[in-house]
$ cat start02.txt   # compact mmCIF, N, CA and C atoms
# COMPACT_ATOMS: atom_id res chain seq x y z
N MET T 1 88.11 113.71 96.53
CA MET T 1 89.05 112.61 96.55
C MET T 1 90.24 112.96 95.65
N THR T 2 91.42 112.71 96.12
CA THR T 2 92.63 113.00 95.36
C THR T 2 92.91 111.85 94.40
N GLU T 3 93.17 112.19 93.15
CA GLU T 3 93.48 111.16 92.18
C GLU T 3 94.98 110.91 92.15
N GLY T 4 95.37 109.74 91.64
CA GLY T 4 96.78 109.40 91.50
C GLY T 4 97.43 110.24 90.43
N PRO T 5 98.74 110.23 90.38
CA PRO T 5 99.45 110.99 89.37
C PRO T 5 99.07 110.53 87.97
N ASP T 6 98.99 111.46 87.04
CA ASP T 6 98.76 111.15 85.63
C ASP T 6 99.86 110.18 85.20
N GLN T 7 99.47 109.04 84.64
CA GLN T 7 100.46 108.01 84.29
C GLN T 7 101.47 108.51 83.27
N SER T 8 101.10 109.53 82.46
CA SER T 8 102.07 110.07 81.53
C SER T 8 103.09 110.96 82.23
N GLN T 9 102.79 111.33 83.46
CA GLN T 9 103.70 112.16 84.25
C GLN T 9 104.00 111.48 85.58
N ARG T 10 104.42 110.22 85.49
CA ARG T 10 104.73 109.47 86.71
C ARG T 10 105.77 110.22 87.53
N PRO T 11 105.59 110.25 88.81
CA PRO T 11 106.57 110.96 89.65
C PRO T 11 107.93 110.27 89.64
N ALA T 12 108.96 111.07 89.75
CA ALA T 12 110.32 110.52 89.86
C ALA T 12 110.52 110.12 91.31
N ILE T 13 110.48 108.83 91.57
CA ILE T 13 110.57 108.31 92.93
C ILE T 13 111.89 107.57 93.10
N SER T 14 112.55 107.83 94.21
CA SER T 14 113.76 107.09 94.57
C SER T 14 113.52 106.43 95.91
N LEU T 15 114.14 105.25 96.09
CA LEU T 15 114.04 104.54 97.36
C LEU T 15 115.37 104.64 98.09
N TYR T 16 115.28 104.85 99.39
CA TYR T 16 116.47 104.96 100.23
C TYR T 16 116.29 104.12 101.48
N ALA T 17 117.27 103.28 101.77
CA ALA T 17 117.32 102.60 103.07
C ALA T 17 118.00 103.60 104.00
N VAL T 18 117.29 104.02 105.04
CA VAL T 18 117.79 105.10 105.88
C VAL T 18 117.99 104.65 107.32
N THR T 19 118.84 105.38 108.02
CA THR T 19 119.00 105.20 109.46
C THR T 19 118.48 106.42 110.21
N GLU T 20 118.09 107.43 109.45
CA GLU T 20 117.44 108.60 110.04
C GLU T 20 116.64 109.30 108.95
N TRP T 21 115.61 110.02 109.37
CA TRP T 21 114.79 110.80 108.45
C TRP T 21 114.03 111.82 109.27
N ASN T 22 113.53 112.83 108.62
CA ASN T 22 112.74 113.86 109.29
C ASN T 22 111.55 113.22 110.01
N PRO T 23 111.54 113.27 111.34
CA PRO T 23 110.46 112.61 112.09
C PRO T 23 109.07 113.10 111.71
N GLU T 24 108.93 114.37 111.38
CA GLU T 24 107.60 114.89 111.04
C GLU T 24 107.07 114.28 109.75
N GLU T 25 107.96 113.98 108.81
CA GLU T 25 107.51 113.33 107.57
C GLU T 25 107.06 111.90 107.85
N ILE T 26 107.76 111.23 108.76
CA ILE T 26 107.37 109.86 109.11
C ILE T 26 106.04 109.88 109.86
N VAL T 27 105.88 110.83 110.77
CA VAL T 27 104.60 110.96 111.48
C VAL T 27 103.47 111.19 110.49
N LEU T 28 103.71 112.03 109.48
CA LEU T 28 102.68 112.27 108.46
C LEU T 28 102.27 110.97 107.79
N LEU T 29 103.26 110.14 107.43
CA LEU T 29 102.94 108.86 106.80
C LEU T 29 102.15 107.96 107.75
N TYR T 30 102.60 107.85 109.00
CA TYR T 30 101.87 107.03 109.97
C TYR T 30 100.45 107.57 110.18
N ARG T 31 100.32 108.88 110.24
CA ARG T 31 99.01 109.50 110.45
C ARG T 31 98.09 109.19 109.26
N GLU T 32 98.62 109.38 108.03
CA GLU T 32 97.81 109.11 106.84
C GLU T 32 97.40 107.64 106.75
N ALA T 33 98.25 106.76 107.27
CA ALA T 33 97.93 105.32 107.26
C ALA T 33 96.90 104.97 108.33
N GLY T 34 96.67 105.89 109.27
CA GLY T 34 95.75 105.61 110.37
C GLY T 34 96.41 104.87 111.52
N TRP T 35 97.74 104.88 111.55
CA TRP T 35 98.49 104.15 112.57
C TRP T 35 99.07 105.06 113.65
N TRP T 36 98.77 106.35 113.60
CA TRP T 36 99.36 107.28 114.56
C TRP T 36 98.31 107.74 115.55
N ASP T 37 98.57 107.48 116.80
CA ASP T 37 97.72 107.98 117.89
C ASP T 37 98.35 109.29 118.36
N GLU T 38 97.56 110.31 118.52
CA GLU T 38 98.10 111.63 118.88
C GLU T 38 98.78 111.63 120.25
N SER T 39 98.60 110.56 121.01
CA SER T 39 99.32 110.48 122.30
C SER T 39 100.76 110.01 122.10
N TYR T 40 101.09 109.51 120.89
CA TYR T 40 102.46 109.08 120.61
C TYR T 40 103.38 110.30 120.56
N ASP T 41 104.65 110.08 120.80
CA ASP T 41 105.64 111.15 120.81
C ASP T 41 106.52 111.02 119.57
N SER T 42 106.52 112.06 118.74
CA SER T 42 107.33 112.01 117.51
C SER T 42 108.82 111.93 117.82
N ALA T 43 109.21 112.23 119.05
CA ALA T 43 110.61 112.10 119.44
C ALA T 43 111.07 110.65 119.41
N ASN T 44 110.13 109.70 119.35
CA ASN T 44 110.48 108.28 119.29
C ASN T 44 110.74 107.79 117.86
N ILE T 45 110.44 108.59 116.86
CA ILE T 45 110.62 108.17 115.47
C ILE T 45 112.07 107.79 115.18
N PRO T 46 113.08 108.57 115.60
CA PRO T 46 114.46 108.14 115.31
C PRO T 46 114.78 106.75 115.87
N ALA T 47 114.26 106.42 117.04
CA ALA T 47 114.50 105.10 117.63
C ALA T 47 113.78 104.01 116.84
N ILE T 48 112.60 104.32 116.32
CA ILE T 48 111.87 103.35 115.48
C ILE T 48 112.68 103.05 114.23
N ILE T 49 113.22 104.09 113.61
CA ILE T 49 114.00 103.90 112.38
C ILE T 49 115.27 103.11 112.69
N ARG T 50 116.01 103.55 113.70
CA ARG T 50 117.27 102.87 114.03
C ARG T 50 117.05 101.45 114.53
N GLY T 51 115.94 101.21 115.20
CA GLY T 51 115.65 99.89 115.75
C GLY T 51 115.14 98.90 114.72
N SER T 52 114.82 99.38 113.54
CA SER T 52 114.37 98.49 112.47
C SER T 52 115.58 97.81 111.85
N HIS T 53 115.36 96.61 111.33
CA HIS T 53 116.42 95.96 110.56
C HIS T 53 116.75 96.83 109.36
N ARG T 54 115.72 97.21 108.61
CA ARG T 54 115.86 98.14 107.48
C ARG T 54 114.64 99.04 107.47
N PHE T 55 114.84 100.29 107.13
CA PHE T 55 113.74 101.25 107.01
C PHE T 55 113.92 101.91 105.65
N VAL T 56 112.94 101.73 104.78
CA VAL T 56 113.03 102.24 103.41
C VAL T 56 112.01 103.36 103.22
N ILE T 57 112.49 104.44 102.63
CA ILE T 57 111.66 105.60 102.33
C ILE T 57 111.57 105.76 100.82
N ALA T 58 110.37 106.03 100.32
CA ALA T 58 110.17 106.41 98.91
C ALA T 58 110.06 107.93 98.89
N VAL T 59 110.91 108.56 98.07
CA VAL T 59 110.99 110.02 98.04
C VAL T 59 110.62 110.52 96.64
N ASP T 60 109.73 111.49 96.60
CA ASP T 60 109.42 112.18 95.35
C ASP T 60 110.57 113.15 95.10
N GLU T 61 111.35 112.89 94.08
CA GLU T 61 112.55 113.69 93.82
C GLU T 61 112.24 115.13 93.45
N ARG T 62 111.01 115.39 92.99
CA ARG T 62 110.64 116.78 92.67
C ARG T 62 110.50 117.61 93.93
N THR T 63 109.99 116.99 95.00
CA THR T 63 109.72 117.74 96.23
C THR T 63 110.72 117.42 97.34
N GLY T 64 111.39 116.28 97.23
CA GLY T 64 112.29 115.84 98.30
C GLY T 64 111.57 115.26 99.49
N SER T 65 110.26 115.08 99.37
CA SER T 65 109.45 114.59 100.49
C SER T 65 109.22 113.09 100.43
N ALA T 66 109.09 112.49 101.59
CA ALA T 66 108.76 111.08 101.69
C ALA T 66 107.30 110.88 101.31
N VAL T 67 107.06 109.93 100.42
CA VAL T 67 105.69 109.64 99.98
C VAL T 67 105.30 108.21 100.31
N GLY T 68 106.24 107.44 100.83
CA GLY T 68 105.96 106.06 101.20
C GLY T 68 107.06 105.53 102.08
N MET T 69 106.77 104.42 102.74
CA MET T 69 107.75 103.81 103.64
C MET T 69 107.43 102.34 103.81
N GLY T 70 108.40 101.63 104.34
CA GLY T 70 108.23 100.25 104.74
C GLY T 70 109.45 99.87 105.55
N ARG T 71 109.31 98.88 106.39
CA ARG T 71 110.46 98.48 107.19
C ARG T 71 110.41 97.00 107.46
N THR T 72 111.58 96.46 107.81
CA THR T 72 111.64 95.08 108.28
C THR T 72 112.13 95.10 109.72
N ILE T 73 111.60 94.17 110.46
CA ILE T 73 112.03 93.93 111.83
C ILE T 73 112.65 92.54 111.83
N SER T 74 113.86 92.43 112.36
CA SER T 74 114.58 91.16 112.26
C SER T 74 115.72 91.12 113.26
N ASP T 75 116.18 89.89 113.54
CA ASP T 75 117.42 89.74 114.30
C ASP T 75 118.62 89.86 113.37
N GLY T 76 118.35 89.99 112.06
CA GLY T 76 119.41 90.15 111.08
C GLY T 76 120.03 88.84 110.63
N VAL T 77 119.49 87.71 111.10
CA VAL T 77 120.09 86.42 110.77
C VAL T 77 119.06 85.42 110.24
N SER T 78 118.00 85.17 111.01
CA SER T 78 117.15 84.03 110.68
C SER T 78 115.84 84.37 109.99
N ASP T 79 115.18 85.42 110.38
CA ASP T 79 113.90 85.75 109.77
C ASP T 79 113.63 87.24 109.90
N ALA T 80 112.64 87.70 109.14
CA ALA T 80 112.28 89.12 109.16
C ALA T 80 110.79 89.25 108.93
N TYR T 81 110.25 90.34 109.38
CA TYR T 81 108.85 90.68 109.21
C TYR T 81 108.77 92.05 108.56
N ILE T 82 107.98 92.14 107.50
CA ILE T 82 107.73 93.43 106.89
C ILE T 82 106.62 94.10 107.67
N GLN T 83 106.81 95.36 107.93
CA GLN T 83 105.86 96.12 108.74
C GLN T 83 105.77 97.54 108.22
N ASP T 84 104.67 98.18 108.49
CA ASP T 84 104.48 99.61 108.23
C ASP T 84 104.68 99.99 106.77
N LEU T 85 104.21 99.16 105.86
CA LEU T 85 104.25 99.50 104.44
C LEU T 85 103.10 100.46 104.16
N PHE T 86 103.43 101.62 103.61
CA PHE T 86 102.41 102.61 103.31
C PHE T 86 102.89 103.55 102.22
N VAL T 87 101.97 103.92 101.33
CA VAL T 87 102.23 104.91 100.29
C VAL T 87 101.07 105.91 100.32
N LEU T 88 101.41 107.20 100.28
CA LEU T 88 100.37 108.22 100.25
C LEU T 88 99.39 107.95 99.12
N ARG T 89 98.13 108.17 99.41
CA ARG T 89 97.06 107.84 98.47
C ARG T 89 97.29 108.43 97.07
N GLN T 90 97.74 109.67 96.99
CA GLN T 90 97.91 110.29 95.67
C GLN T 90 99.08 109.71 94.88
N TYR T 91 99.90 108.85 95.51
CA TYR T 91 101.02 108.22 94.82
C TYR T 91 100.79 106.74 94.56
N ARG T 92 99.61 106.27 94.88
CA ARG T 92 99.32 104.85 94.65
C ARG T 92 99.09 104.58 93.17
N ARG T 93 99.13 103.33 92.82
CA ARG T 93 98.96 102.85 91.44
C ARG T 93 100.15 103.24 90.56
N CYS T 94 101.28 103.50 91.20
CA CYS T 94 102.52 103.80 90.47
C CYS T 94 103.59 102.75 90.79
N ARG T 95 103.19 101.66 91.46
CA ARG T 95 104.08 100.54 91.82
C ARG T 95 105.09 100.89 92.91
N ILE T 96 104.87 101.97 93.61
CA ILE T 96 105.80 102.38 94.67
C ILE T 96 105.79 101.36 95.80
N GLY T 97 104.61 100.91 96.21
CA GLY T 97 104.53 99.91 97.27
C GLY T 97 105.23 98.63 96.90
N VAL T 98 105.03 98.18 95.65
CA VAL T 98 105.70 96.97 95.17
C VAL T 98 107.21 97.16 95.22
N GLU T 99 107.67 98.31 94.78
CA GLU T 99 109.12 98.56 94.77
C GLU T 99 109.69 98.64 96.18
N ILE T 100 108.94 99.19 97.11
CA ILE T 100 109.42 99.22 98.50
C ILE T 100 109.56 97.79 99.01
N VAL T 101 108.54 96.95 98.78
CA VAL T 101 108.61 95.56 99.25
C VAL T 101 109.78 94.84 98.59
N ARG T 102 109.93 95.00 97.28
CA ARG T 102 111.04 94.32 96.58
C ARG T 102 112.39 94.80 97.10
N HIS T 103 112.49 96.07 97.41
CA HIS T 103 113.74 96.60 97.95
C HIS T 103 114.03 95.97 99.32
N LEU T 104 113.01 95.89 100.15
CA LEU T 104 113.18 95.26 101.47
C LEU T 104 113.56 93.78 101.31
N LEU T 105 112.92 93.09 100.38
CA LEU T 105 113.25 91.68 100.14
C LEU T 105 114.70 91.54 99.69
N GLY T 106 115.15 92.43 98.83
CA GLY T 106 116.53 92.40 98.36
C GLY T 106 117.52 92.65 99.49
N LEU T 107 117.20 93.59 100.37
CA LEU T 107 118.08 93.87 101.50
C LEU T 107 118.15 92.67 102.44
N CYS T 108 117.02 92.00 102.64
CA CYS T 108 117.02 90.79 103.47
C CYS T 108 117.86 89.70 102.81
N ALA T 109 117.71 89.55 101.50
CA ALA T 109 118.50 88.53 100.78
C ALA T 109 119.99 88.82 100.92
N GLU T 110 120.38 90.08 100.82
CA GLU T 110 121.79 90.45 100.99
C GLU T 110 122.32 90.03 102.36
N ASP T 111 121.42 90.06 103.35
CA ASP T 111 121.81 89.69 104.71
C ASP T 111 121.64 88.19 104.98
N GLY T 112 121.24 87.43 103.95
CA GLY T 112 121.08 85.98 104.11
C GLY T 112 119.80 85.57 104.80
N ILE T 113 118.84 86.48 104.88
CA ILE T 113 117.56 86.18 105.53
C ILE T 113 116.59 85.68 104.48
N GLY T 114 116.14 84.45 104.63
CA GLY T 114 115.25 83.85 103.65
C GLY T 114 113.81 83.73 104.09
N TRP T 115 113.56 83.75 105.40
CA TRP T 115 112.18 83.64 105.90
C TRP T 115 111.68 85.06 106.17
N ILE T 116 110.72 85.49 105.35
CA ILE T 116 110.21 86.85 105.47
C ILE T 116 108.69 86.78 105.52
N GLY T 117 108.13 87.25 106.59
CA GLY T 117 106.69 87.20 106.77
C GLY T 117 106.10 88.59 106.97
N LEU T 118 104.79 88.63 107.03
CA LEU T 118 104.08 89.87 107.33
C LEU T 118 102.66 89.53 107.73
N ILE T 119 101.98 90.48 108.30
CA ILE T 119 100.55 90.35 108.57
C ILE T 119 99.86 91.35 107.65
N ALA T 120 99.09 90.84 106.72
CA ALA T 120 98.39 91.70 105.76
C ALA T 120 97.12 92.25 106.39
N GLU T 121 96.90 93.54 106.20
CA GLU T 121 95.66 94.14 106.66
C GLU T 121 94.50 93.55 105.86
N PRO T 122 93.31 93.55 106.42
CA PRO T 122 92.17 93.02 105.69
C PRO T 122 92.05 93.65 104.30
N GLY T 123 91.91 92.79 103.30
CA GLY T 123 91.74 93.24 101.93
C GLY T 123 93.03 93.52 101.17
N SER T 124 94.18 93.49 101.86
CA SER T 124 95.44 93.81 101.19
C SER T 124 96.20 92.57 100.71
N HIS T 125 95.70 91.39 101.04
CA HIS T 125 96.44 90.18 100.67
C HIS T 125 96.65 90.00 99.17
N PRO T 126 95.73 90.41 98.28
CA PRO T 126 96.03 90.25 96.85
C PRO T 126 97.28 91.04 96.42
N PHE T 127 97.50 92.20 97.01
CA PHE T 127 98.71 92.98 96.71
C PHE T 127 99.95 92.16 97.03
N TYR T 128 99.99 91.55 98.21
CA TYR T 128 101.17 90.78 98.62
C TYR T 128 101.29 89.48 97.84
N GLU T 129 100.15 88.86 97.50
CA GLU T 129 100.21 87.62 96.72
C GLU T 129 100.83 87.87 95.35
N ARG T 130 100.56 89.02 94.73
CA ARG T 130 101.15 89.34 93.43
C ARG T 130 102.67 89.45 93.51
N ILE T 131 103.18 89.76 94.70
CA ILE T 131 104.63 89.89 94.89
C ILE T 131 105.26 88.54 95.21
N GLY T 132 104.45 87.57 95.65
CA GLY T 132 104.98 86.24 95.94
C GLY T 132 104.69 85.72 97.34
N PHE T 133 104.01 86.48 98.16
CA PHE T 133 103.64 86.02 99.49
C PHE T 133 102.43 85.10 99.40
N ARG T 134 102.36 84.15 100.32
CA ARG T 134 101.24 83.21 100.38
C ARG T 134 100.73 83.15 101.81
N PRO T 135 99.41 82.88 101.96
CA PRO T 135 98.87 82.74 103.32
C PRO T 135 99.54 81.58 104.05
N MET T 136 99.71 81.75 105.34
CA MET T 136 100.24 80.67 106.18
C MET T 136 99.03 79.94 106.76
N ILE T 137 98.58 78.94 106.03
CA ILE T 137 97.39 78.20 106.41
C ILE T 137 97.58 77.59 107.80
N GLN T 138 96.54 77.68 108.60
CA GLN T 138 96.49 77.12 109.94
C GLN T 138 97.24 77.98 110.98
N TYR T 139 97.89 79.07 110.57
CA TYR T 139 98.56 79.94 111.52
C TYR T 139 97.64 81.12 111.81
N ILE T 140 97.64 81.57 113.04
CA ILE T 140 96.77 82.66 113.46
C ILE T 140 97.63 83.78 114.04
N PRO T 141 97.61 84.98 113.42
CA PRO T 141 98.32 86.10 114.04
C PRO T 141 97.68 86.41 115.38
N MET T 142 98.49 86.71 116.35
CA MET T 142 97.98 86.98 117.68
C MET T 142 98.64 88.24 118.23
N LEU T 143 97.94 88.91 119.14
CA LEU T 143 98.41 90.15 119.73
C LEU T 143 98.16 90.10 121.23
N TYR T 144 99.15 90.41 121.99
CA TYR T 144 99.00 90.46 123.44
C TYR T 144 98.28 91.74 123.82
N LYS T 145 97.27 91.63 124.63
CA LYS T 145 96.52 92.82 125.08
C LYS T 145 96.51 92.88 126.59
$ encode --input "start02.txt" --output "structure tokens"
Amino acid sequence: MTEGPDQSQRPAISLYAVTEWNPEEIVLLYREAGWWDESYDSANIPAIIRGSHRFVIAVDERTGSAVGMGRTISDGVSDAYIQDLFVLRQYRRCRIGVEIVRHLLGLCAEDGIGWIGLIAEPGSHPFYERIGFRPMIQYIPMLYK
């Protein structure tokens, strides 16, 4: 099992809102998150990034590589949904995920978007609650199949 970075040697991480990024690095993040099906085409990654309201990458400045990501999907006016938040396991416990979410929230606020939702994966809701998200009681996420 890979351990997180030594807290005395926290990685130098920068966040960037991007309109393009190396598709293979994004595929690596999706794959590590368990969200990448090998039948998907990495040629679609640029369209995913451009089609997002905002796409934020966390970059380890020592390596120049993406170590985390998150994005919002929105019409840019009324509401937004945070999606695809992920940080590589070896970079967790360094507040990178929190900073990605806060950066996305700030970008939404700049655009005047006040309603921001997400669907938390099982067991991840305490992470989002610490940032200020609350369960939407009586609402049920649904997926068309």
$ atom_distance --input "start02.txt" --atom1 "atom CA of T:Arg95" --atom2 "atom CA of T:Ala80"
22.3 Å
$ atom_distance --input "start02.txt" --atom1 "atom CA of T:Ser124" --atom2 "atom CA of T:Arg62"
28.8 Å
$ select_by_dssp --input "start02.txt" --residues "stretch 21-119 of chain T" --states "strand (DSSP E)" --output "PyMOL selection string"
chain T and resi 54-60+65-74+79-87+115-118
$ closest_residue --input "start02.txt" --among "T:Ile13, T:Ile140, T:Ile113, T:Leu118" --to "T:Ala58" --atoms "only N, CA and C atoms"
T:Ile13
$ atom_distance --input "start02.txt" --atom1 "atom CA of T:Trp115" --atom2 "atom CA of T:Gly70"
17.1 Å
$ closest_residue --input "start02.txt" --among "T:Tyr16, T:Trp36, T:Tyr30, T:Phe86" --to "T:Glu61" --atoms "only C-alpha atoms"
T:Tyr16
$ closest_residue --input "start02.txt" --among "T:Ser78, T:Ser14, T:Gln90, T:Gln83" --to "T:Gly114" --atoms "only C-alpha atoms"
T:Ser78
$ closest_residue --input "start02.txt" --among "T:Val27, T:Val59, T:Ala17, T:Val77" --to "T:Ile116" --atoms "only C-alpha atoms"
T:Val77
$ residues_around --input "start02.txt" --residues "T:Gly76" --least-positions-apart "6" --cutoff "12 Å" --atoms "only C-alpha atoms" --output "PyMOL selection string"
chain T and resi 51-54+107-116
$ closest_residue --input "start02.txt" --among "T:Tyr91, T:Thr63, T:Glu32, T:Trp21" --to "T:Ile45" --atoms "only N, CA and C atoms"
T:Trp21
$ select_by_dssp --input "start02.txt" --residues "chain T" --states "helix (DSSP H, G or I)" --output "PyMOL selection string"
chain T and resi 7-9+23-33+42-51+89-91+96-110+125-131
